[in-house]
>>> print(open('coords_12.pdb').read())   # PDB, C-alpha atoms
ATOM      1  CA  MET A 288     131.400 117.922  84.258
ATOM      2  CA  ASP A 289     133.363 120.196  86.600
ATOM      3  CA  LEU A 290     130.889 120.795  89.426
ATOM      4  CA  ASP A 291     133.295 123.020  91.368
ATOM      5  CA  LYS A 292     133.580 125.313  88.357
ATOM      6  CA  LEU A 293     129.796 125.440  87.993
ATOM      7  CA  MET A 294     129.270 126.198  91.675
ATOM      8  CA  ASN A 295     131.563 129.217  91.539
ATOM      9  CA  LYS A 296     130.345 130.969  88.409
ATOM     10  CA  HIS A 297     127.785 133.684  87.814
ATOM     11  CA  LEU A 298     125.227 133.389  85.066
ATOM     12  CA  THR A 299     126.262 135.484  82.081
ATOM     13  CA  ARG A 300     124.261 138.685  81.777
ATOM     14  CA  ALA A 301     125.992 140.056  78.663
ATOM     15  CA  PHE A 302     126.980 138.247  75.471
ATOM     16  CA  ASP A 303     129.741 138.899  72.952
ATOM     17  CA  PRO A 304     127.867 139.592  69.670
ATOM     18  CA  SER A 305     130.907 138.691  67.582
ATOM     19  CA  LYS A 306     130.861 135.036  68.649
ATOM     20  CA  THR A 307     128.511 132.383  67.288
ATOM     21  CA  ILE A 308     127.926 128.865  68.587
ATOM     22  CA  PRO A 309     129.351 126.341  66.093
ATOM     23  CA  GLU A 310     126.645 124.387  64.301
ATOM     24  CA  GLU A 311     127.915 121.043  65.594
ATOM     25  CA  THR A 312     127.750 122.306  69.188
ATOM     26  CA  LEU A 313     124.284 123.763  68.658
ATOM     27  CA  GLN A 314     122.939 120.525  67.200
ATOM     28  CA  LYS A 315     124.398 118.537  70.086
ATOM     29  CA  LEU A 316     122.663 120.879  72.544
ATOM     30  CA  LEU A 317     119.360 120.614  70.674
ATOM     31  CA  ARG A 318     119.619 116.825  70.665
ATOM     32  CA  PHE A 319     120.053 117.005  74.415
ATOM     33  CA  LEU A 320     117.038 119.334  74.758
ATOM     34  CA  ARG A 321     114.976 116.881  72.716
ATOM     35  CA  SER A 322     116.037 114.072  75.065
ATOM     36  CA  THR A 323     115.119 115.783  78.345
ATOM     37  CA  PRO A 324     112.548 113.796  80.339
ATOM     38  CA  THR A 325     108.974 114.784  81.116
ATOM     39  CA  SER A 326     106.599 113.203  83.609
ATOM     40  CA  THR A 327     104.664 110.328  81.993
ATOM     41  CA  ASN A 328     106.667 111.168  78.835
ATOM     42  CA  ILE A 329     103.957 113.701  77.976
ATOM     43  CA  GLN A 330     106.318 115.965  75.954
ATOM     44  CA  PRO A 331     104.155 119.117  76.119
ATOM     45  CA  ASN A 332     106.715 121.408  74.488
ATOM     46  CA  HIS A 333     107.677 123.036  71.236
ATOM     47  CA  PHE A 334     110.923 125.015  70.899
ATOM     48  CA  TYR A 335     111.554 127.998  68.615
ATOM     49  CA  VAL A 336     115.273 128.309  67.887
ATOM     50  CA  LEU A 337     116.123 131.866  66.861
ATOM     51  CA  ALA A 338     119.377 131.650  64.926
ATOM     52  CA  THR A 339     119.052 134.703  62.684
ATOM     53  CA  ALA A 340     119.113 138.439  63.281
ATOM     54  CA  GLU A 341     115.557 138.605  61.916
ATOM     55  CA  GLY A 342     114.321 136.041  64.415
ATOM     56  CA  LYS A 343     115.968 137.736  67.382
ATOM     57  CA  GLU A 344     114.755 141.167  66.253
ATOM     58  CA  ARG A 345     111.205 139.849  65.997
ATOM     59  CA  LEU A 346     111.408 138.559  69.549
ATOM     60  CA  VAL A 347     112.766 141.897  70.793
ATOM     61  CA  ALA A 348     109.918 143.698  69.036
ATOM     62  CA  HIS A 349     107.430 141.578  71.005
ATOM     63  CA  LEU A 350     109.039 141.564  74.459
ATOM     64  CA  GLY A 351     106.676 144.269  75.677
ATOM     65  CA  GLU A 352     107.495 147.852  76.621
ATOM     66  CA  ARG A 353     108.451 147.162  80.234
ATOM     67  CA  PHE A 354     110.931 144.419  79.268
ATOM     68  CA  GLN A 355     113.087 146.236  76.730
ATOM     69  CA  ASP A 356     116.119 145.984  79.023
ATOM     70  CA  ASN A 357     116.373 142.375  77.823
ATOM     71  CA  SER A 358     116.689 143.458  74.186
ATOM     72  CA  GLU A 359     120.468 143.760  74.145
ATOM     73  CA  LYS A 360     120.880 140.352  75.776
ATOM     74  CA  ILE A 361     118.809 138.677  73.077
ATOM     75  CA  LEU A 362     120.309 140.600  70.155
ATOM     76  CA  ASN A 363     123.894 139.900  71.289
ATOM     77  CA  ALA A 364     123.268 136.230  72.029
ATOM     78  CA  SER A 365     124.313 133.706  69.426
ATOM     79  CA  HIS A 366     120.915 131.980  69.652
ATOM     80  CA  THR A 367     117.770 132.331  71.710
ATOM     81  CA  ILE A 368     115.244 129.565  72.306
ATOM     82  CA  ILE A 369     111.579 130.226  73.017
ATOM     83  CA  LEU A 370     110.371 127.344  75.190
ATOM     84  CA  THR A 371     106.624 126.902  74.831
ATOM     85  CA  THR A 372     104.163 124.635  76.623
ATOM     86  CA  ARG A 373     100.862 123.200  75.522
ATOM     87  CA  ALA A 374      97.880 125.278  76.651
ATOM     88  CA  ASP A 375      95.796 122.121  76.986
ATOM     89  CA  LEU A 376      96.184 118.383  76.505
ATOM     90  CA  PRO A 377      93.799 117.127  73.817
ATOM     91  CA  GLU A 378      93.292 113.457  73.028
ATOM     92  CA  SER A 379      95.089 114.000  69.716
ATOM     93  CA  HIS A 380      98.338 114.867  71.532
ATOM     94  CA  LEU A 381      98.052 111.903  73.872
ATOM     95  CA  LYS A 382      97.506 109.625  70.860
ATOM     96  CA  GLU A 383     100.650 111.027  69.222
ATOM     97  CA  VAL A 384     102.669 110.250  72.351
ATOM     98  CA  PHE A 385     101.325 106.694  72.599
ATOM     99  CA  ASP A 386     101.782 106.049  68.871
ATOM    100  CA  LYS A 387     105.400 107.280  68.993
ATOM    101  CA  GLU A 388     106.147 105.096  72.022
ATOM    102  CA  THR A 389     104.709 102.098  70.190
ATOM    103  CA  ALA A 390     106.663 102.858  67.016
ATOM    104  CA  ASP A 391     109.875 103.227  69.028
ATOM    105  CA  GLY A 392     109.278  99.903  70.779
ATOM    106  CA  ARG A 393     109.140 101.400  74.258
ATOM    107  CA  PHE A 394     106.665  98.764  75.453
ATOM    108  CA  PRO A 395     106.937  95.703  73.198
ATOM    109  CA  ASP A 396     104.687  93.695  75.538
ATOM    110  CA  PRO A 397     101.065  94.661  74.633
ATOM    111  CA  ALA A 398      99.891  94.080  78.207
ATOM    112  CA  LYS A 399     102.544  96.392  79.657
ATOM    113  CA  ARG A 400     101.796  98.957  76.969
ATOM    114  CA  ALA A 401      98.085  98.925  77.823
ATOM    115  CA  LEU A 402      98.863  99.223  81.540
ATOM    116  CA  TRP A 403     101.205 102.160  80.944
ATOM    117  CA  GLN A 404      98.643 103.994  78.838
ATOM    118  CA  SER A 405      95.942 103.381  81.439
ATOM    119  CA  MET A 406      98.193 104.644  84.248
ATOM    120  CA  THR A 407      99.125 107.722  82.198
ATOM    121  CA  ARG A 408      95.486 108.584  81.545
ATOM    122  CA  ASP A 409      94.652 108.102  85.221
ATOM    123  CA  PHE A 410      97.486 110.407  86.298
ATOM    124  CA  LEU A 411      96.521 113.079  83.769
ATOM    125  CA  ASN A 412      92.904 112.921  84.925
ATOM    126  CA  LEU A 413      94.139 113.428  88.486
ATOM    127  CA  ARG A 414      96.072 116.545  87.437
ATOM    128  CA  ASN A 415      93.170 117.857  85.375
ATOM    129  CA  TYR A 416      90.196 117.131  87.616
ATOM    130  CA  GLY A 417      91.678 116.353  91.038
ATOM    131  CA  TYR A 418      94.501 118.841  91.551
ATOM    132  CA  LYS A 419      93.182 121.101  88.764
ATOM    133  CA  ASP A 420      96.753 122.119  87.922
ATOM    134  CA  LEU A 421      97.321 120.550  84.501
ATOM    135  CA  ASN A 422      98.744 123.721  82.922
ATOM    136  CA  HIS A 423     101.027 124.435  85.864
ATOM    137  CA  TRP A 424     102.158 120.796  85.909
ATOM    138  CA  MET A 425     103.027 120.935  82.206
ATOM    139  CA  GLU A 426     105.018 124.140  82.748
ATOM    140  CA  LYS A 427     107.019 122.320  85.435
ATOM    141  CA  GLN A 428     108.142 119.917  82.716
ATOM    142  CA  THR A 429     109.298 122.902  80.643
ATOM    143  CA  TYR A 430     111.360 124.277  83.508
ATOM    144  CA  MET A 431     112.924 120.874  84.064
ATOM    145  CA  ALA A 432     114.019 120.894  80.409
ATOM    146  CA  LEU A 433     115.321 124.443  80.850
ATOM    147  CA  GLY A 434     117.466 123.594  83.872
ATOM    148  CA  MET A 435     118.916 120.445  82.375
ATOM    149  CA  THR A 436     119.734 122.239  79.110
ATOM    150  CA  MET A 437     121.537 124.997  80.990
ATOM    151  CA  MET A 438     123.749 122.349  82.599
ATOM    152  CA  ALA A 439     124.358 120.712  79.215
ATOM    153  CA  ALA A 440     125.287 124.094  77.732
ATOM    154  CA  ALA A 441     127.856 124.622  80.477
ATOM    155  CA  GLU A 442     129.357 121.215  79.721
ATOM    156  CA  LEU A 443     129.699 122.285  76.065
ATOM    157  CA  GLY A 444     131.331 125.594  77.014
ATOM    158  CA  VAL A 445     128.268 127.655  76.106
ATOM    159  CA  GLU A 446     126.753 130.270  78.407
ATOM    160  CA  ALA A 447     122.993 130.027  78.993
ATOM    161  CA  MET A 448     120.806 132.832  80.316
ATOM    162  CA  PRO A 449     117.147 132.143  81.266
ATOM    163  CA  LEU A 450     114.790 135.079  80.747
ATOM    164  CA  GLU A 451     111.324 135.566  82.232
ATOM    165  CA  GLY A 452     111.159 139.264  81.414
ATOM    166  CA  PHE A 453     108.754 139.307  78.473
ATOM    167  CA  ASP A 454     105.065 139.674  77.664
ATOM    168  CA  PRO A 455     103.922 136.124  76.797
ATOM    169  CA  THR A 456     100.801 137.350  75.002
ATOM    170  CA  SER A 457     102.916 139.559  72.748
ATOM    171  CA  VAL A 458     105.530 136.870  72.053
ATOM    172  CA  ASP A 459     102.781 134.351  71.269
ATOM    173  CA  LYS A 460     101.300 136.832  68.799
ATOM    174  CA  GLY A 461     104.652 137.652  67.194
ATOM    175  CA  PHE A 462     105.390 134.007  66.404
ATOM    176  CA  LYS A 463     101.789 132.778  66.019
ATOM    177  CA  ILE A 464     102.405 130.344  68.845
ATOM    178  CA  ARG A 465      98.851 130.044  70.147
ATOM    179  CA  GLU A 466      97.706 128.810  66.769
ATOM    180  CA  THR A 467      99.763 125.695  67.480
ATOM    181  CA  GLY A 468      98.057 125.024  70.820
ATOM    182  CA  HIS A 469     101.061 126.251  72.822
ATOM    183  CA  THR A 470     101.990 129.364  74.772
ATOM    184  CA  THR A 471     105.357 130.900  75.667
ATOM    185  CA  THR A 472     106.747 129.836  79.050
ATOM    186  CA  VAL A 473     110.374 130.995  79.242
ATOM    187  CA  LEU A 474     113.270 132.141  77.043
ATOM    188  CA  LEU A 475     116.840 130.817  76.958
ATOM    189  CA  ALA A 476     119.597 132.977  75.453
ATOM    190  CA  LEU A 477     122.780 131.164  74.443
ATOM    191  CA  GLY A 478     126.237 132.342  73.474
ATOM    192  CA  TYR A 479     129.599 133.426  74.808
ATOM    193  CA  PRO A 480     130.213 136.065  77.484
ATOM    194  CA  ASP A 481     131.329 139.615  76.819
ATOM    195  CA  PRO A 482     134.769 139.578  78.527
ATOM    196  CA  ALA A 483     134.362 143.225  79.535
ATOM    197  CA  LYS A 484     131.170 142.474  81.464
ATOM    198  CA  VAL A 485     131.973 139.270  83.345
ATOM    199  CA  TYR A 486     131.013 139.312  87.032
ATOM    200  CA  SER A 487     133.910 138.636  89.385
ATOM    201  CA  ASP A 488     132.166 139.204  92.728
ATOM    202  CA  PRO A 489     131.824 136.213  95.079
ATOM    203  CA  ILE A 490     128.796 133.948  94.803
ATOM    204  CA  SER A 491     126.402 134.586  97.734
ATOM    205  CA  ARG A 492     124.317 131.667  99.015
ATOM    206  CA  PHE A 493     122.927 130.612 102.397
ATOM    207  CA  GLU A 494     125.118 128.284 104.440
ATOM    208  CA  ALA A 495     124.440 124.544 104.289
ATOM    209  CA  ASP A 496     122.917 124.406 107.784
ATOM    210  CA  ARG A 497     120.371 127.009 106.676
ATOM    211  CA  LEU A 498     119.383 125.002 103.618
ATOM    212  CA  PHE A 499     119.536 121.297 104.529
ATOM    213  CA  THR A 500     117.623 119.238 107.062
ATOM    214  CA  PHE A 501     118.750 115.646 107.490
ATOM    215  CA  VAL A 502     116.144 113.243 108.865
TER     216      VAL A 502
END
>>> encode(input="coords_12.pdb", output="structure tokens")
Amino acid sequence: MDLDKLMNKHLTRAFDPSKTIPEETLQKLLRFLRSTPTSTNIQPNHFYVLATAEGKERLVAHLGERFQDNSEKILNASHTIILTTRADLPESHLKEVFDKETADGRFPDPAKRALWQSMTRDFLNLRNYGYKDLNHWMEKQTYMALGMTMMAAAELGVEAMPLEGFDPTSVDKGFKIRETGHTTTVLLALGYPDPAKVYSDPISRFEADRLFTFV
């Protein structure tokens, strides 16, 4: 990964509608998204991959009136992913996580497996009843997946644009997301930049001494 190149590029704000991400590249990126870590391995997400004109048009129709300036970005993108997060954390989901870990052999020692599951439940109870921030904590996991996937996209030569300009209630309704126990958190448009609309201005960031404190 060329970090210098990443540090000196703008995020793409306009896509070339004539270019489509090759299927092999897309599948590699989705495999990476699937592999992104979550705290306690809770995996609170579901991802809607919009690969067709119909899918992208449906999303645009449910962005909400005040967010229509994002329509062109989504329609011109090769693909757009709706990243959703669980609205709650029922016992059935926790059981699925534990059963999958057992099936995958994550903790072959039964004693270690029992300890891990006990520690996970204790931590989740702390988030739910102590900090009372379970939903916010789960959304943090979604944003971690978003950031890591953007870096992976750059490594694959794909531009990634995160979008928060949408009405989550409307998007949830358009894709019947709440019926699955999830809600929309953030969007990620993917594709290749429109060469006529590439930013060339310098990157502007605070100096290092403004940002870092060494102790």
>>> atom_distance(input="coords_12.pdb", atom1="atom CA of A:Leu370", atom2="atom CA of A:Met448")
12.9 Å
>>> axis_aligned_box(input="coords_12.pdb", around="stretch 374-390 of chain A", padding_each_side="3 Å", output="lines of an AutoDock Vina configuration file")
center_x = 100.0
center_y = 113.7
center_z = 72.0
size_x = 19.4
size_y = 29.2
size_z = 16.0
>>> resolve_selection(input="coords_12.pdb", expression="the PyMOL selection byres ((chain A and resi 328) around 10)", output="list in words")
Thr323, Pro324, Thr325, Ser326, Thr327, Ile329, Gln330, Pro331, Leu381, Val384, Phe385, Glu388, Thr407 and Gln428 of chain A
>>> closest_residue(input="coords_12.pdb", among="A:Leu337, A:Leu376, A:Leu474, A:Met438", to="A:Lys292", atoms="only C-alpha atoms")
A:Met438
>>> closest_residue(input="coords_12.pdb", among="A:Thr372, A:Thr429, A:Ser457, A:Ser322", to="A:His469", atoms="all atoms listed in the file")
A:Thr372
>>> resolve_selection(input="coords_12.pdb", expression="the PyMOL selection byres ((chain A and resi 365) around 10)", output="PyMOL selection string")
chain A and resi 302-309+313+337-340+343+360-364+366-367+445-446+476-479
>>> resolve_selection(input="coords_12.pdb", expression="the PyMOL selection byres ((chain A and resi 484) around 10)", output="list in words")
Thr299, Arg300, Ala301, Phe302, Asp303, Pro480, Asp481, Pro482, Ala483, Val485, Tyr486 and Ser487 of chain A
>>> atom_distance(input="coords_12.pdb", atom1="atom CA of A:Lys399", atom2="atom CA of A:Asp386")
14.5 Å
>>> residues_around(input="coords_12.pdb", residues="stretch 459-468 of chain A", least_positions_apart="5", cutoff="12 Å", atoms="all atoms listed in the file", output="VMD selection string")
chain A and resid 331 to 337 342 to 351 369 to 377 379 to 380 453 to 454 473
>>> residues_around(input="coords_12.pdb", residues="A:Arg400", least_positions_apart="4", cutoff="12 Å", atoms="all atoms listed in the file", output="list in words")
Phe385, Asp386, Glu388, Thr389, Ala390, Gly392, Arg393, Phe394, Pro395, Asp396, Gln404, Ser405, Met406 and Thr407 of chain A
>>> closest_residue(input="coords_12.pdb", among="A:Leu475, A:Thr436, A:Arg492, A:Glu426", to="A:Arg318", atoms="all atoms listed in the file")
A:Thr436
>>> atom_distance(input="coords_12.pdb", atom1="atom CA of A:Met294", atom2="atom CA of A:Ser491")
10.7 Å
>>> closest_residue(input="coords_12.pdb", among="A:Glu378, A:Glu442, A:Glu451, A:Asp488", to="A:Leu316", atoms="all atoms listed in the file")
A:Glu442
>>> closest_residue(input="coords_12.pdb", among="A:Asn412, A:Asn357, A:Thr471, A:Asn422", to="A:Leu450", atoms="all atoms listed in the file")
A:Asn357
>>> decode(input="coords_12.pdb", residues="stretch 399-411 of chain A", atoms="all heavy atoms", output="mmCIF file, in the first residue's frame")
data_model
loop_
_atom_site.group_PDB
_atom_site.id
_atom_site.type_symbol
_atom_site.label_atom_id
_atom_site.label_comp_id
_atom_site.auth_asym_id
_atom_site.auth_seq_id
_atom_site.Cartn_x
_atom_site.Cartn_y
_atom_site.Cartn_z
ATOM 1 N N LYS A 399 -12.001 -22.566 27.549
ATOM 2 C CA LYS A 399 -11.721 -21.248 26.991
ATOM 3 C C LYS A 399 -12.944 -20.695 26.262
ATOM 4 O O LYS A 399 -13.210 -19.489 26.306
ATOM 5 C CB LYS A 399 -10.528 -21.321 26.037
ATOM 6 C CG LYS A 399 -9.199 -21.545 26.740
ATOM 7 C CD LYS A 399 -8.042 -21.516 25.747
ATOM 8 C CE LYS A 399 -6.705 -21.697 26.463
ATOM 9 N NZ LYS A 399 -5.568 -21.685 25.501
ATOM 10 N N ARG A 400 -13.669 -21.593 25.590
ATOM 11 C CA ARG A 400 -14.878 -21.166 24.896
ATOM 12 C C ARG A 400 -15.906 -20.628 25.878
ATOM 13 O O ARG A 400 -16.506 -19.562 25.670
ATOM 14 C CB ARG A 400 -15.473 -22.333 24.103
ATOM 15 C CG ARG A 400 -16.666 -21.938 23.221
ATOM 16 C CD ARG A 400 -17.329 -23.170 22.629
ATOM 17 N NE ARG A 400 -16.334 -24.105 22.145
ATOM 18 C CZ ARG A 400 -16.412 -25.422 22.294
ATOM 19 N NH1 ARG A 400 -17.452 -25.959 22.925
ATOM 20 N NH2 ARG A 400 -15.470 -26.211 21.824
ATOM 21 N N ALA A 401 -16.097 -21.339 26.986
ATOM 22 C CA ALA A 401 -17.061 -20.900 28.005
ATOM 23 C C ALA A 401 -16.632 -19.577 28.626
ATOM 24 O O ALA A 401 -17.469 -18.697 28.881
ATOM 25 C CB ALA A 401 -17.206 -21.973 29.076
ATOM 26 N N LEU A 402 -15.330 -19.412 28.855
ATOM 27 C CA LEU A 402 -14.827 -18.161 29.427
ATOM 28 C C LEU A 402 -15.056 -17.000 28.466
ATOM 29 O O LEU A 402 -15.491 -15.919 28.874
ATOM 30 C CB LEU A 402 -13.343 -18.300 29.749
ATOM 31 C CG LEU A 402 -12.651 -17.042 30.310
ATOM 32 C CD1 LEU A 402 -13.317 -16.619 31.620
ATOM 33 C CD2 LEU A 402 -11.157 -17.292 30.506
ATOM 34 N N TRP A 403 -14.756 -17.229 27.179
ATOM 35 C CA TRP A 403 -14.959 -16.190 26.177
ATOM 36 C C TRP A 403 -16.423 -15.766 26.113
ATOM 37 O O TRP A 403 -16.741 -14.565 26.080
ATOM 38 C CB TRP A 403 -14.498 -16.671 24.803
ATOM 39 C CG TRP A 403 -14.949 -15.773 23.678
ATOM 40 C CD1 TRP A 403 -15.956 -15.997 22.798
ATOM 41 C CD2 TRP A 403 -14.396 -14.493 23.351
ATOM 42 N NE1 TRP A 403 -16.085 -14.955 21.927
ATOM 43 C CE2 TRP A 403 -15.135 -14.005 22.243
ATOM 44 C CE3 TRP A 403 -13.363 -13.722 23.868
ATOM 45 C CZ2 TRP A 403 -14.862 -12.776 21.659
ATOM 46 C CZ3 TRP A 403 -13.093 -12.492 23.270
ATOM 47 C CH2 TRP A 403 -13.836 -12.035 22.185
ATOM 48 N N GLN A 404 -17.314 -16.733 26.088
ATOM 49 C CA GLN A 404 -18.738 -16.404 26.003
ATOM 50 C C GLN A 404 -19.216 -15.664 27.239
ATOM 51 O O GLN A 404 -20.015 -14.723 27.147
ATOM 52 C CB GLN A 404 -19.546 -17.680 25.779
ATOM 53 C CG GLN A 404 -19.263 -18.328 24.423
ATOM 54 C CD GLN A 404 -20.077 -19.582 24.177
ATOM 55 O OE1 GLN A 404 -20.912 -19.974 25.003
ATOM 56 N NE2 GLN A 404 -19.846 -20.240 23.043
ATOM 57 N N SER A 405 -18.700 -16.030 28.404
ATOM 58 C CA SER A 405 -19.051 -15.341 29.638
ATOM 59 C C SER A 405 -18.537 -13.904 29.619
ATOM 60 O O SER A 405 -19.261 -12.967 29.997
ATOM 61 C CB SER A 405 -18.477 -16.090 30.840
ATOM 62 O OG SER A 405 -18.707 -15.368 32.034
ATOM 63 N N MET A 406 -17.295 -13.720 29.173
ATOM 64 C CA MET A 406 -16.715 -12.374 29.095
ATOM 65 C C MET A 406 -17.474 -11.517 28.090
ATOM 66 O O MET A 406 -17.694 -10.318 28.318
ATOM 67 C CB MET A 406 -15.242 -12.469 28.722
ATOM 68 C CG MET A 406 -14.354 -13.063 29.801
ATOM 69 S SD MET A 406 -12.656 -13.381 29.209
ATOM 70 C CE MET A 406 -12.137 -11.720 28.768
ATOM 71 N N THR A 407 -17.874 -12.107 26.970
ATOM 72 C CA THR A 407 -18.632 -11.363 25.956
ATOM 73 C C THR A 407 -19.964 -10.897 26.517
ATOM 74 O O THR A 407 -20.351 -9.729 26.366
ATOM 75 C CB THR A 407 -18.859 -12.240 24.714
ATOM 76 O OG1 THR A 407 -17.596 -12.582 24.139
ATOM 77 C CG2 THR A 407 -19.699 -11.513 23.685
ATOM 78 N N ARG A 408 -20.680 -11.797 27.187
ATOM 79 C CA ARG A 408 -21.961 -11.421 27.778
ATOM 80 C C ARG A 408 -21.794 -10.316 28.821
ATOM 81 O O ARG A 408 -22.598 -9.380 28.893
ATOM 82 C CB ARG A 408 -22.629 -12.643 28.422
ATOM 83 C CG ARG A 408 -23.149 -13.662 27.420
ATOM 84 C CD ARG A 408 -23.854 -14.801 28.136
ATOM 85 N NE ARG A 408 -24.279 -15.834 27.215
ATOM 86 C CZ ARG A 408 -25.380 -15.774 26.476
ATOM 87 N NH1 ARG A 408 -26.157 -14.707 26.558
ATOM 88 N NH2 ARG A 408 -25.697 -16.773 25.665
ATOM 89 N N ASP A 409 -20.735 -10.415 29.624
ATOM 90 C CA ASP A 409 -20.490 -9.412 30.649
ATOM 91 C C ASP A 409 -20.235 -8.046 30.017
ATOM 92 O O ASP A 409 -20.747 -7.018 30.486
ATOM 93 C CB ASP A 409 -19.300 -9.838 31.506
ATOM 94 C CG ASP A 409 -19.031 -8.860 32.649
ATOM 95 O OD1 ASP A 409 -19.916 -8.697 33.501
ATOM 96 O OD2 ASP A 409 -17.930 -8.269 32.672
ATOM 97 N N PHE A 410 -19.434 -8.025 28.939
ATOM 98 C CA PHE A 410 -19.127 -6.769 28.269
ATOM 99 C C PHE A 410 -20.375 -6.166 27.626
ATOM 100 O O PHE A 410 -20.608 -4.954 27.697
ATOM 101 C CB PHE A 410 -18.044 -6.982 27.216
ATOM 102 C CG PHE A 410 -17.623 -5.720 26.525
ATOM 103 C CD1 PHE A 410 -16.816 -4.800 27.181
ATOM 104 C CD2 PHE A 410 -18.034 -5.447 25.232
ATOM 105 C CE1 PHE A 410 -16.429 -3.622 26.548
ATOM 106 C CE2 PHE A 410 -17.652 -4.280 24.593
ATOM 107 C CZ PHE A 410 -16.846 -3.365 25.252
ATOM 108 N N LEU A 411 -21.191 -7.007 27.004
ATOM 109 C CA LEU A 411 -22.414 -6.519 26.370
ATOM 110 C C LEU A 411 -23.400 -5.997 27.411
ATOM 111 O O LEU A 411 -24.099 -4.994 27.174
ATOM 112 C CB LEU A 411 -23.054 -7.624 25.533
ATOM 113 C CG LEU A 411 -22.227 -8.093 24.326
ATOM 114 C CD1 LEU A 411 -22.940 -9.230 23.614
ATOM 115 C CD2 LEU A 411 -21.954 -6.940 23.368
#
